[in-house]
file final13.txt (compact mmCIF, C-alpha atoms)
# COMPACT_ATOMS: atom_id res chain seq x y z
CA MET A 1 -35.83 -102.84 -52.48
CA THR A 2 -32.97 -101.03 -54.21
CA GLY A 3 -30.82 -104.14 -53.82
CA GLU A 4 -33.52 -106.25 -55.49
CA PHE A 5 -33.74 -103.81 -58.42
CA GLU A 6 -29.95 -103.87 -58.69
CA ALA A 7 -29.94 -107.65 -58.78
CA ILE A 8 -32.69 -107.71 -61.43
CA ALA A 9 -30.78 -105.16 -63.51
CA ASP A 10 -27.60 -107.20 -63.17
CA VAL A 11 -29.31 -110.43 -64.19
CA ALA A 12 -31.28 -108.93 -67.08
CA THR A 13 -28.55 -106.81 -68.59
CA GLY A 14 -25.97 -109.45 -67.79
CA THR A 15 -27.92 -112.08 -69.74
CA LEU A 16 -28.34 -109.78 -72.72
CA ALA A 17 -24.69 -108.81 -72.60
CA ALA A 18 -23.64 -112.44 -72.45
CA ARG A 19 -25.65 -113.18 -75.56
CA ALA A 20 -24.26 -110.14 -77.35
CA ILE A 21 -20.65 -111.02 -76.67
CA ALA A 22 -20.90 -114.73 -77.24
CA GLY A 23 -19.01 -114.35 -80.46
CA ALA A 24 -16.37 -111.64 -80.39
CA GLY A 25 -15.34 -108.61 -78.39
CA ALA A 26 -14.88 -110.48 -75.09
CA HIS A 27 -11.95 -111.88 -73.16
CA ASP A 28 -12.76 -114.78 -70.83
CA HIS A 29 -10.18 -115.26 -68.13
CA VAL A 30 -9.91 -118.59 -66.46
CA GLU A 31 -8.27 -119.32 -63.13
CA GLY A 32 -4.52 -119.21 -63.51
CA SER A 33 -4.42 -116.68 -66.33
CA ALA A 34 -3.09 -113.13 -65.89
CA CYS A 35 -5.19 -110.08 -65.00
CA LEU A 36 -5.25 -107.65 -67.93
CA ASN A 37 -5.08 -104.68 -65.56
CA CYS A 38 -2.20 -105.46 -63.18
CA GLY A 39 -0.80 -108.76 -64.45
CA ALA A 40 -1.46 -110.74 -61.26
CA GLN A 41 -2.38 -114.42 -61.58
CA LEU A 42 -6.15 -114.85 -61.31
CA MET A 43 -7.44 -116.98 -58.45
CA GLY A 44 -11.15 -116.53 -59.13
CA ALA A 45 -13.69 -114.42 -60.99
CA HIS A 46 -12.00 -111.19 -59.82
CA CYS A 47 -8.37 -110.22 -59.40
CA HIS A 48 -7.31 -110.45 -55.75
CA ARG A 49 -4.83 -107.58 -56.19
CA CYS A 50 -6.74 -104.83 -58.04
CA GLY A 51 -10.34 -106.11 -57.98
CA GLN A 52 -10.90 -106.10 -61.75
CA SER A 53 -13.23 -108.72 -63.17
CA GLY A 54 -11.55 -111.59 -64.98
CA HIS A 55 -14.15 -111.26 -67.72
CA VAL A 56 -13.52 -108.17 -69.89
CA HIS A 57 -16.07 -107.19 -72.52
CA ARG A 58 -16.03 -104.71 -75.41
CA THR A 59 -19.60 -104.46 -76.70
CA ALA A 60 -22.28 -101.76 -76.60
CA MET A 61 -24.70 -104.05 -74.75
CA ALA A 62 -22.12 -104.74 -72.07
CA LEU A 63 -21.64 -100.98 -71.70
CA PHE A 64 -25.36 -100.61 -70.93
CA HIS A 65 -24.93 -103.28 -68.28
CA ASP A 66 -22.11 -101.32 -66.67
CA ILE A 67 -24.20 -98.14 -66.67
CA ALA A 68 -27.20 -99.88 -65.11
CA HIS A 69 -25.05 -101.52 -62.46
CA GLY A 70 -23.28 -98.26 -61.65
CA VAL A 71 -26.51 -96.27 -61.31
CA PHE A 72 -28.27 -98.82 -59.11
CA HIS A 73 -25.17 -99.41 -57.02
CA PHE A 74 -24.53 -95.69 -56.39
CA GLU A 75 -28.22 -95.02 -55.72
CA GLY A 76 -28.23 -97.81 -53.16
CA ARG A 77 -25.26 -96.32 -51.32
CA THR A 78 -26.80 -92.85 -51.45
CA TRP A 79 -30.06 -93.97 -49.88
CA HIS A 80 -28.13 -95.85 -47.23
CA THR A 81 -26.04 -92.78 -46.42
CA LEU A 82 -28.27 -89.69 -46.56
CA PRO A 83 -30.95 -90.74 -44.02
CA MET A 84 -28.24 -91.73 -41.55
CA LEU A 85 -26.27 -88.53 -42.24
CA PHE A 86 -29.20 -86.43 -41.06
CA TRP A 87 -30.84 -88.64 -38.43
CA HIS A 88 -28.06 -90.88 -37.09
CA PRO A 89 -24.82 -89.08 -38.07
CA GLY A 90 -22.84 -90.54 -35.20
CA ASP A 91 -23.87 -94.08 -36.05
CA LEU A 92 -22.83 -93.47 -39.68
CA THR A 93 -19.47 -92.07 -38.55
CA ARG A 94 -18.78 -94.93 -36.14
CA ARG A 95 -19.73 -97.66 -38.61
CA TYR A 96 -17.61 -96.13 -41.36
CA VAL A 97 -14.60 -95.76 -39.06
CA GLN A 98 -14.97 -99.36 -37.89
CA GLY A 99 -14.81 -100.61 -41.49
CA GLU A 100 -18.41 -100.85 -42.72
CA ARG A 101 -17.86 -98.87 -45.91
CA VAL A 102 -19.11 -100.50 -49.11
CA LYS A 103 -22.76 -99.62 -48.45
CA PHE A 104 -22.02 -95.93 -47.69
CA VAL A 105 -20.86 -93.01 -49.81
CA SER A 106 -17.34 -92.09 -48.72
CA PRO A 107 -17.08 -88.92 -46.57
CA MET A 108 -14.88 -87.01 -49.03
CA ALA A 109 -17.04 -87.87 -52.06
CA LEU A 110 -20.13 -86.73 -50.15
CA PHE A 111 -18.40 -83.54 -49.01
CA LEU A 112 -17.24 -82.59 -52.50
CA PHE A 113 -20.72 -83.26 -53.89
CA SER A 114 -22.34 -81.15 -51.17
CA VAL A 115 -19.96 -78.24 -51.85
CA PHE A 116 -20.71 -78.46 -55.58
CA LEU A 117 -24.45 -78.55 -54.89
CA MET A 118 -24.28 -75.55 -52.56
CA ALA A 119 -22.22 -73.51 -55.05
CA ALA A 120 -24.65 -74.34 -57.85
CA THR A 121 -27.64 -73.50 -55.64
CA PHE A 122 -26.18 -70.15 -54.59
CA SER A 123 -25.52 -69.30 -58.22
CA TRP A 124 -29.05 -70.29 -59.20
CA VAL A 125 -31.35 -69.03 -56.41
CA GLY A 126 -29.09 -67.27 -53.90
CA GLY A 127 -28.57 -68.19 -50.25
CA PRO A 128 -31.01 -69.48 -47.63
CA THR A 129 -31.86 -65.96 -46.47
CA GLY A 130 -33.40 -65.33 -49.88
CA HIS A 131 -30.93 -62.68 -51.04
CA GLN A 132 -29.66 -63.26 -54.55
CA ALA A 133 -26.42 -61.74 -55.67
CA ARG A 134 -26.72 -58.21 -57.06
CA PRO A 135 -25.09 -57.41 -60.38
CA ALA A 136 -21.85 -55.51 -60.29
CA THR A 137 -22.20 -51.72 -60.24
CA ALA A 138 -21.27 -49.52 -63.22
CA ASP A 139 -18.16 -48.28 -61.38
CA ALA A 140 -17.05 -51.83 -60.66
CA ARG A 141 -17.50 -52.81 -64.31
CA ALA A 142 -15.51 -49.77 -65.47
CA ASP A 143 -12.71 -50.56 -63.00
CA ALA A 144 -12.64 -54.16 -64.20
CA LYS A 145 -12.33 -53.08 -67.84
CA ARG A 146 -9.39 -50.80 -67.01
CA GLU A 147 -7.70 -53.61 -65.09
CA LEU A 148 -8.25 -55.97 -68.04
CA VAL A 149 -6.32 -53.61 -70.33
CA LYS A 150 -3.38 -53.56 -67.91
CA ASP A 151 -3.47 -57.33 -67.44
CA ASN A 152 -3.60 -57.90 -71.19
CA ASP A 153 -0.36 -55.91 -71.58
CA GLN A 154 1.18 -57.96 -68.78
CA LEU A 155 0.01 -61.17 -70.48
CA THR A 156 1.75 -60.17 -73.72
CA LYS A 157 5.00 -59.54 -71.86
CA LEU A 158 4.82 -62.85 -70.00
CA LEU A 159 4.16 -64.78 -73.21
CA ALA A 160 7.19 -63.11 -74.81
CA ARG A 161 9.33 -64.05 -71.79
CA ARG A 162 8.11 -67.63 -72.00
CA ALA A 163 8.90 -67.86 -75.72
CA ALA A 164 12.40 -66.56 -75.03
CA ALA A 165 12.88 -69.08 -72.23
CA VAL A 166 11.76 -71.94 -74.47
CA ALA A 167 14.12 -70.80 -77.22
CA ALA A 168 16.97 -70.74 -74.71
CA ALA A 169 16.00 -74.21 -73.36
CA LYS A 170 15.37 -72.75 -69.88
CA SER A 171 12.72 -73.76 -67.36
CA THR A 172 9.35 -72.00 -67.73
CA GLU A 173 7.88 -73.23 -64.45
CA ASP A 174 7.87 -69.81 -62.73
CA ILE A 175 6.54 -68.04 -65.82
CA ASP A 176 3.80 -70.66 -66.23
CA GLU A 177 2.73 -70.09 -62.63
CA GLU A 178 2.54 -66.33 -63.23
CA LEU A 179 0.55 -66.94 -66.41
CA SER A 180 -1.89 -69.19 -64.58
CA ASP A 181 -2.48 -66.60 -61.85
CA LEU A 182 -2.84 -63.78 -64.36
CA ARG A 183 -5.30 -65.70 -66.53
CA GLY A 184 -7.38 -66.56 -63.48
CA GLU A 185 -7.50 -62.90 -62.49
CA MET A 186 -8.42 -61.90 -66.03
CA ALA A 187 -11.25 -64.44 -66.07
CA GLY A 188 -12.64 -62.90 -62.89
CA LEU A 189 -12.24 -59.38 -64.26
CA ALA A 190 -14.05 -60.37 -67.46
CA ILE A 191 -17.02 -61.66 -65.47
CA VAL A 192 -17.17 -58.44 -63.43
CA ALA A 193 -16.79 -56.32 -66.57
CA ASP A 194 -19.76 -58.10 -68.15
CA GLY A 195 -21.83 -57.42 -65.04
CA LYS A 196 -22.31 -61.11 -64.25
CA ALA A 197 -20.36 -61.20 -61.00
CA PRO A 198 -22.01 -60.50 -57.65
CA GLY A 199 -21.86 -56.84 -56.84
CA ALA A 200 -20.81 -55.21 -53.63
CA ALA A 201 -21.56 -51.91 -52.03
CA ALA A 202 -19.03 -49.17 -52.55
CA VAL A 203 -16.51 -48.91 -49.74
CA ASN A 204 -15.89 -45.28 -48.79
CA PHE A 205 -13.84 -45.87 -45.67
CA VAL A 206 -11.01 -48.34 -45.26
CA PRO A 207 -9.51 -48.66 -41.77
CA SER A 208 -5.77 -48.95 -41.38
CA SER A 209 -4.46 -52.06 -39.66
CA ARG A 210 -0.85 -50.82 -39.74
CA ILE A 211 0.05 -54.18 -41.31
CA GLU A 212 1.20 -53.71 -44.90
CA GLN A 213 -0.20 -56.95 -46.32
CA ILE A 214 -3.61 -56.53 -44.69
CA ASP A 215 -3.83 -52.87 -45.75
CA ARG A 216 -3.04 -53.91 -49.33
CA ILE A 217 -5.91 -56.42 -49.25
CA LEU A 218 -8.31 -53.80 -47.86
CA SER A 219 -7.21 -51.38 -50.55
CA HIS A 220 -7.94 -53.94 -53.28
CA ALA A 221 -11.40 -54.52 -51.79
CA LYS A 222 -12.10 -50.77 -51.84
CA GLU A 223 -10.91 -50.32 -55.41
CA ASN A 224 -12.98 -53.19 -56.84
CA PRO A 225 -15.39 -54.82 -54.38
CA GLY A 226 -17.10 -56.78 -57.16
CA LEU A 227 -13.86 -58.48 -58.17
CA MET A 228 -13.03 -59.22 -54.54
CA ALA A 229 -16.47 -60.81 -54.05
CA TYR A 230 -15.93 -62.99 -57.13
CA LYS A 231 -12.48 -64.06 -55.94
CA LEU A 232 -13.81 -64.94 -52.49
CA GLN A 233 -16.55 -67.13 -53.97
CA SER A 234 -14.13 -68.80 -56.36
CA SER A 235 -11.59 -69.43 -53.60
CA ALA A 236 -14.26 -70.73 -51.22
CA TYR A 237 -15.23 -73.43 -53.71
CA LYS A 238 -11.63 -74.28 -54.62
CA PHE A 239 -10.33 -74.48 -51.04
CA SER A 240 -13.42 -75.81 -49.27
CA TRP A 241 -11.46 -78.93 -48.32
CA ALA A 242 -9.29 -76.74 -46.05
CA LEU A 243 -12.16 -76.61 -43.57
CA ILE A 244 -11.42 -80.22 -42.63
CA PRO A 245 -7.79 -79.77 -41.42
CA ILE A 246 -8.74 -76.43 -39.83
CA SER A 247 -11.42 -78.20 -37.77
CA LEU A 248 -9.32 -81.19 -36.70
CA PRO A 249 -7.27 -79.55 -33.88
CA PHE A 250 -10.46 -78.31 -32.21
CA ILE A 251 -12.08 -81.76 -32.32
CA TRP A 252 -8.86 -83.38 -31.08
CA MET A 253 -8.81 -81.09 -28.03
CA LEU A 254 -12.25 -82.36 -27.04
CA PHE A 255 -10.90 -85.93 -26.86
CA MET A 256 -7.21 -85.42 -26.11
CA PHE A 257 -7.31 -87.84 -23.17
CA ARG A 258 -9.08 -90.64 -25.02
CA ARG A 259 -6.72 -93.19 -26.53
CA ASP A 260 -9.37 -95.23 -28.33
CA VAL A 261 -9.95 -92.52 -30.97
CA GLY A 262 -7.40 -91.01 -33.33
CA MET A 263 -7.05 -88.24 -35.86
CA TYR A 264 -8.54 -90.41 -38.61
CA ASP A 265 -11.73 -90.83 -36.56
CA HIS A 266 -11.92 -87.06 -36.07
CA ALA A 267 -11.39 -86.47 -39.81
CA ILE A 268 -14.31 -88.74 -40.72
CA PHE A 269 -16.42 -87.00 -38.06
CA ALA A 270 -15.54 -83.55 -39.43
CA THR A 271 -16.11 -84.49 -43.07
CA TYR A 272 -19.54 -86.01 -42.49
CA SER A 273 -20.50 -83.09 -40.25
CA LEU A 274 -19.46 -80.50 -42.84
CA SER A 275 -21.32 -82.46 -45.53
CA ALA A 276 -24.53 -82.37 -43.49
CA MET A 277 -24.23 -78.62 -42.83
CA THR A 278 -23.47 -77.84 -46.48
CA LEU A 279 -26.35 -79.96 -47.79
CA THR A 280 -28.67 -78.32 -45.27
CA VAL A 281 -27.73 -74.85 -46.48
CA ALA A 282 -28.31 -75.92 -50.09
CA ILE A 283 -31.72 -77.44 -49.24
CA LEU A 284 -32.77 -74.36 -47.26
CA SER A 285 -31.69 -72.11 -50.14
CA ILE A 286 -34.02 -74.00 -52.48
CA ALA A 287 -36.76 -73.96 -49.83
CA ALA A 288 -36.47 -70.17 -49.46
CA ALA A 289 -36.60 -69.76 -53.24
CA ILE A 290 -39.90 -71.69 -53.52
CA GLY A 291 -41.57 -69.65 -50.77
CA VAL A 292 -40.91 -71.39 -47.46
CA PRO A 293 -41.31 -68.72 -44.72
CA GLN A 294 -38.04 -67.05 -43.74
CA ALA A 295 -38.87 -67.53 -40.06
CA LEU A 296 -38.83 -71.30 -40.53
CA VAL A 297 -35.58 -71.15 -42.54
CA TRP A 298 -33.88 -69.12 -39.81
CA LEU A 299 -35.24 -71.46 -37.13
CA ILE A 300 -33.66 -74.48 -38.85
CA LEU A 301 -30.40 -72.60 -39.47
CA PHE A 302 -30.20 -71.75 -35.78
CA PHE A 303 -31.18 -75.09 -34.20
CA PHE A 304 -30.09 -77.75 -36.70
CA PRO A 305 -26.26 -77.39 -36.35
CA PRO A 306 -26.10 -77.84 -32.54
CA TRP A 307 -28.72 -80.61 -32.62
CA HIS A 308 -26.82 -82.45 -35.34
CA MET A 309 -23.46 -81.99 -33.58
CA TYR A 310 -24.93 -83.33 -30.33
CA ARG A 311 -26.32 -86.46 -31.97
CA GLN A 312 -23.14 -87.09 -33.92
CA LEU A 313 -20.90 -86.65 -30.87
CA LYS A 314 -23.11 -88.85 -28.69
CA GLU A 315 -23.29 -91.74 -31.14
CA ALA A 316 -19.85 -91.57 -32.75
CA TYR A 317 -17.86 -91.38 -29.52
CA SER A 318 -20.30 -93.30 -27.27
CA LEU A 319 -20.86 -90.38 -24.90
CA GLY A 320 -23.43 -89.78 -22.22
CA ARG A 321 -25.83 -86.84 -22.47
CA PHE A 322 -23.83 -84.43 -20.32
CA ARG A 323 -20.48 -85.23 -21.97
CA ALA A 324 -22.02 -84.88 -25.40
CA ALA A 325 -23.77 -81.63 -24.44
CA TRP A 326 -20.71 -79.70 -23.21
CA ARG A 327 -18.67 -80.93 -26.14
CA MET A 328 -21.43 -79.76 -28.46
CA VAL A 329 -21.22 -76.24 -27.00
CA ALA A 330 -17.44 -76.26 -27.41
CA LEU A 331 -17.78 -77.62 -30.95
CA VAL A 332 -20.23 -74.86 -31.95
CA ILE A 333 -17.77 -72.23 -30.71
CA SER A 334 -14.88 -73.94 -32.50
CA ALA A 335 -16.97 -74.11 -35.69
CA TYR A 336 -17.33 -70.32 -35.71
CA THR A 337 -13.62 -70.01 -34.99
CA SER A 338 -12.80 -72.36 -37.87
CA ALA A 339 -15.10 -70.39 -40.17
CA LEU A 340 -13.31 -67.16 -39.21
CA ILE A 341 -9.89 -68.72 -39.89
CA PHE A 342 -11.17 -70.02 -43.23
CA PHE A 343 -12.53 -66.57 -44.15
CA ILE A 344 -9.21 -64.89 -43.34
CA PHE A 345 -7.49 -67.51 -45.48
CA LEU A 346 -9.90 -66.82 -48.36
CA VAL A 347 -9.37 -63.06 -48.13
CA THR A 348 -5.61 -63.56 -48.17
CA VAL A 349 -5.76 -65.91 -51.16
CA GLY A 350 -8.41 -63.91 -52.99
CA ALA A 351 -6.44 -60.69 -52.78
CA HIS A 352 -3.69 -62.02 -55.05
call {"tool": "encode", "arguments": {"input": "final13.txt", "output": "structure tokens"}}
result
Amino acid sequence: MTGEFEAIADVATGTLAARAIAGAGAHDHVEGSACLNCGAQLMGAHCHRCGQSGHVHRTAMALFHDIAHGVFHFEGRTWHTLPMLFWHPGDLTRRYVQGERVKFVSPMALFLFSVFLMAATFSWVGGPTGHQARPATADARADAKRELVKDNDQLTKLLARRAAAVAAAKSTEDIDEELSDLRGEMAGLAIVADGKAPGAAAVNFVPSSRIEQIDRILSHAKENPGLMAYKLQSSAYKFSWALIPISLPFIWMLFMFRRDVGMYDHAIFATYSLSAMTLTVAILSIAAAIGVPQALVWLILFFFPPWHMYRQLKEAYSLGRFRAAWRMVALVISAYTSALIFFIFLVTVGAH
């Protein structure tokens, strides 16, 4: 049905656009002329090298045609992809790997969208357990304001150093990197100082790990837990893609003796799997916010991941029930391990 609507939209808006551009504002390319995008010789209605249409228009009506086509085309791919992502994830993975791609949303695009949706949902209604972020405490806000004064002095010094380097025709790359880091920290401090960042309970006891770098991170968390919480959330969104390479070695070990699947196959598997889990968390967060019983939310959180992993493994790698089942158990364990590695990475990054 979506395809029929898309065709109707194409025909209707295409006819109107053709009438609107009959006079001026259009470039009609005939076979043998050059593509305006890459310069290749046209051999048909579209360039064989870059895919651009040989007909280029510059009218408002033609713009509406492009918008209509884009919306219907993307919506069609979305409704092809999402039902399969949740009900037949392995079939979706296998078909995409084997080259059936135009009708589906790409794994990375879907993953980035799901991360954005989850971050927005958490900011709006909180997590699936129904706990919204608490405002930063008065002590945290006071600490953030003191840190802002220090950072502002440091910013002034760095700007003076940069001006001197520019006057001396020297590279400012290192100074620019310091400025970027400092401004990012100041942005986080400003949010905490205004009381808009998620709060954190005061930390009265900080264990010693006897490792200088780790102890420094723990000390920062104790001094300003609100700022640390903000940095962790910011880093989680920025580096969410790191979950994919972290997961790949674990998936590879499950199929190390199979030569018909490669690292690319595992990457597509991991990306679609992470997209499904992230979208599920976002959906459950909204469900908890509108009053769905917490018992049901926890039930789905507990059973959906292993069920989804089992179905995806079974269909994507053509496995029997037993082979899919033991790999599912191993994959669940590796998922928690990957999450722990990712968290340690975030703490390390967020402490600077």
call {"tool": "closest_residue", "arguments": {"input": "final13.txt", "among": "A:Leu182, A:Ala168, A:Leu313, A:Thr129", "to": "Gln154 (chain A)", "atoms": "all atoms listed in the file"}}
result
A:Leu182
call {"tool": "atom_distance", "arguments": {"input": "final13.txt", "atom1": "CA of Leu254 (chain A)", "atom2": "CA of Ala339 (chain A)"}}
result
18.0 Å
call {"tool": "atom_distance", "arguments": {"input": "final13.txt", "atom1": "CA of Gly51 (chain A)", "atom2": "CA of Arg101 (chain A)"}}
result
16.0 Å
call {"tool": "atom_distance", "arguments": {"input": "final13.txt", "atom1": "CA of Gly127 (chain A)", "atom2": "CA of Leu346 (chain A)"}}
result
18.8 Å
call {"tool": "closest_residue", "arguments": {"input": "final13.txt", "among": "A:Gly99, A:Gly44, A:Gly291, A:Pro89", "to": "Trp307 (chain A)", "atoms": "only C-alpha atoms"}}
result
A:Pro89
call {"tool": "residues_around", "arguments": {"input": "final13.txt", "residues": "Arg311 (chain A)", "least_positions_apart": "6", "cutoff": "10 Å", "atoms": "all atoms listed in the file", "output": "PyMOL selection string"}}
result
chain A and resi 86-91+319+321+324-325+328
call {"tool": "residues_near_point", "arguments": {"input": "final13.txt", "point": "(-2.1, -110.7, -54.4)", "cutoff": "8 Å", "atoms": "all atoms listed in the file", "output": "PyMOL selection string"}}
result
chain A and resi 40+48-49
call {"tool": "residues_around", "arguments": {"input": "final13.txt", "residues": "Tyr237 (chain A)", "least_positions_apart": "2", "cutoff": "8 Å", "atoms": "all atoms listed in the file", "output": "ChimeraX atom specification"}}
result
/A:115-116,119,233-235,239-240
call {"tool": "residues_around", "arguments": {"input": "final13.txt", "residues": "region 279-285 of chain A", "least_positions_apart": "2", "cutoff": "6 Å", "atoms": "all atoms listed in the file", "output": "ChimeraX atom specification"}}
result
/A:114,118,127-128,276-277,287-288
call {"tool": "residues_around", "arguments": {"input": "final13.txt", "residues": "Ser273 (chain A)", "least_positions_apart": "5", "cutoff": "10 Å", "atoms": "only C-alpha atoms", "output": "ChimeraX atom specification"}}
result
/A:85-86,89-90,93,107,111,244,267-268,278,305,308-309,312
call {"tool": "closest_residue", "arguments": {"input": "final13.txt", "among": "A:Ser123, A:Pro306, A:Leu117, A:Pro83", "to": "Phe104 (chain A)", "atoms": "only C-alpha atoms"}}
result
A:Pro83
call {"tool": "closest_residue", "arguments": {"input": "final13.txt", "among": "A:Cys35, A:Ala160, A:Ala289, A:Val97", "to": "Val261 (chain A)", "atoms": "all atoms listed in the file"}}
result
A:Val97
call {"tool": "residues_around", "arguments": {"input": "final13.txt", "residues": "His266 (chain A)", "least_positions_apart": "6", "cutoff": "7 Å", "atoms": "only C-alpha atoms", "output": "compact mmCIF listing (two decimals) with C-alpha atoms, in the coordinates of the input"}}
result
# COMPACT_ATOMS: atom_id res chain seq x y z
CA LEU A 248 -9.32 -81.19 -36.70
CA ILE A 251 -12.08 -81.76 -32.32
CA TRP A 252 -8.86 -83.38 -31.08
call {"tool": "closest_residue", "arguments": {"input": "final13.txt", "among": "A:Leu148, A:Val102, A:Phe322, A:Lys170", "to": "Arg183 (chain A)", "atoms": "all atoms listed in the file"}}
result
A:Leu148
call {"tool": "decode", "arguments": {"input": "final13.txt", "residues": "region 78-85 of chain A", "atoms": "all heavy atoms", "output": "PDB file, in the first residue's frame"}}
result
ATOM      1  N   THR A  78      11.046   2.151   6.312  1.00  0.00           N
ATOM      2  CA  THR A  78      10.876   1.997   7.759  1.00  0.00           C
ATOM      3  C   THR A  78       9.894   0.889   8.080  1.00  0.00           C
ATOM      4  O   THR A  78      10.156   0.034   8.936  1.00  0.00           O
ATOM      5  CB  THR A  78      10.387   3.318   8.384  1.00  0.00           C
ATOM      6  OG1 THR A  78      11.338   4.343   8.098  1.00  0.00           O
ATOM      7  CG2 THR A  78      10.221   3.181   9.886  1.00  0.00           C
ATOM      8  N   TRP A  79       8.752   0.883   7.377  1.00  0.00           N
ATOM      9  CA  TRP A  79       7.744  -0.133   7.666  1.00  0.00           C
ATOM     10  C   TRP A  79       8.107  -1.498   7.108  1.00  0.00           C
ATOM     11  O   TRP A  79       7.495  -2.495   7.487  1.00  0.00           O
ATOM     12  CB  TRP A  79       6.376   0.324   7.156  1.00  0.00           C
ATOM     13  CG  TRP A  79       5.848   1.478   7.935  1.00  0.00           C
ATOM     14  CD1 TRP A  79       5.621   2.744   7.496  1.00  0.00           C
ATOM     15  CD2 TRP A  79       5.533   1.483   9.329  1.00  0.00           C
ATOM     16  NE1 TRP A  79       5.182   3.537   8.526  1.00  0.00           N
ATOM     17  CE2 TRP A  79       5.115   2.794   9.666  1.00  0.00           C
ATOM     18  CE3 TRP A  79       5.569   0.501  10.332  1.00  0.00           C
ATOM     19  CZ2 TRP A  79       4.730   3.140  10.958  1.00  0.00           C
ATOM     20  CZ3 TRP A  79       5.192   0.866  11.621  1.00  0.00           C
ATOM     21  CH2 TRP A  79       4.772   2.166  11.915  1.00  0.00           C
ATOM     22  N   HIS A  80       9.093  -1.552   6.243  1.00  0.00           N
ATOM     23  CA  HIS A  80       9.656  -2.850   5.862  1.00  0.00           C
ATOM     24  C   HIS A  80      10.602  -3.358   6.936  1.00  0.00           C
ATOM     25  O   HIS A  80      10.708  -4.569   7.167  1.00  0.00           O
ATOM     26  CB  HIS A  80      10.431  -2.738   4.532  1.00  0.00           C
ATOM     27  CG  HIS A  80       9.600  -2.984   3.324  1.00  0.00           C
ATOM     28  ND1 HIS A  80       9.328  -1.997   2.392  1.00  0.00           N
ATOM     29  CD2 HIS A  80       8.977  -4.094   2.874  1.00  0.00           C
ATOM     30  CE1 HIS A  80       8.572  -2.501   1.431  1.00  0.00           C
ATOM     31  NE2 HIS A  80       8.332  -3.766   1.700  1.00  0.00           N
ATOM     32  N   THR A  81      11.314  -2.421   7.577  1.00  0.00           N
ATOM     33  CA  THR A  81      12.411  -2.796   8.472  1.00  0.00           C
ATOM     34  C   THR A  81      11.951  -3.100   9.891  1.00  0.00           C
ATOM     35  O   THR A  81      12.329  -4.130  10.465  1.00  0.00           O
ATOM     36  CB  THR A  81      13.467  -1.670   8.511  1.00  0.00           C
ATOM     37  OG1 THR A  81      13.889  -1.368   7.183  1.00  0.00           O
ATOM     38  CG2 THR A  81      14.671  -2.085   9.345  1.00  0.00           C
ATOM     39  N   LEU A  82      11.155  -2.204  10.500  1.00  0.00           N
ATOM     40  CA  LEU A  82      10.839  -2.336  11.920  1.00  0.00           C
ATOM     41  C   LEU A  82      10.113  -3.632  12.289  1.00  0.00           C
ATOM     42  O   LEU A  82      10.489  -4.280  13.280  1.00  0.00           O
ATOM     43  CB  LEU A  82      10.035  -1.119  12.392  1.00  0.00           C
ATOM     44  CG  LEU A  82      10.820   0.193  12.471  1.00  0.00           C
ATOM     45  CD1 LEU A  82       9.935   1.313  12.995  1.00  0.00           C
ATOM     46  CD2 LEU A  82      12.046   0.032  13.362  1.00  0.00           C
ATOM     47  N   PRO A  83       9.065  -4.056  11.549  1.00  0.00           N
ATOM     48  CA  PRO A  83       8.435  -5.328  11.921  1.00  0.00           C
ATOM     49  C   PRO A  83       9.411  -6.498  11.875  1.00  0.00           C
ATOM     50  O   PRO A  83       9.388  -7.371  12.754  1.00  0.00           O
ATOM     51  CB  PRO A  83       7.320  -5.488  10.869  1.00  0.00           C
ATOM     52  CG  PRO A  83       7.040  -4.098  10.406  1.00  0.00           C
ATOM     53  CD  PRO A  83       8.366  -3.404  10.420  1.00  0.00           C
ATOM     54  N   MET A  84      10.278  -6.521  10.869  1.00  0.00           N
ATOM     55  CA  MET A  84      11.256  -7.604  10.769  1.00  0.00           C
ATOM     56  C   MET A  84      12.308  -7.494  11.870  1.00  0.00           C
ATOM     57  O   MET A  84      12.793  -8.508  12.379  1.00  0.00           O
ATOM     58  CB  MET A  84      11.931  -7.590   9.399  1.00  0.00           C
ATOM     59  CG  MET A  84      11.014  -7.934   8.253  1.00  0.00           C
ATOM     60  SD  MET A  84      11.913  -8.188   6.704  1.00  0.00           S
ATOM     61  CE  MET A  84      12.810  -9.698   7.080  1.00  0.00           C
ATOM     62  N   LEU A  85      12.684  -6.265  12.239  1.00  0.00           N
ATOM     63  CA  LEU A  85      13.686  -6.083  13.290  1.00  0.00           C
ATOM     64  C   LEU A  85      13.238  -6.725  14.594  1.00  0.00           C
ATOM     65  O   LEU A  85      14.063  -7.292  15.324  1.00  0.00           O
ATOM     66  CB  LEU A  85      13.939  -4.589  13.498  1.00  0.00           C
ATOM     67  CG  LEU A  85      14.945  -4.232  14.595  1.00  0.00           C
ATOM     68  CD1 LEU A  85      16.358  -4.642  14.189  1.00  0.00           C
ATOM     69  CD2 LEU A  85      14.897  -2.736  14.899  1.00  0.00           C
TER      70      LEU A  85
END
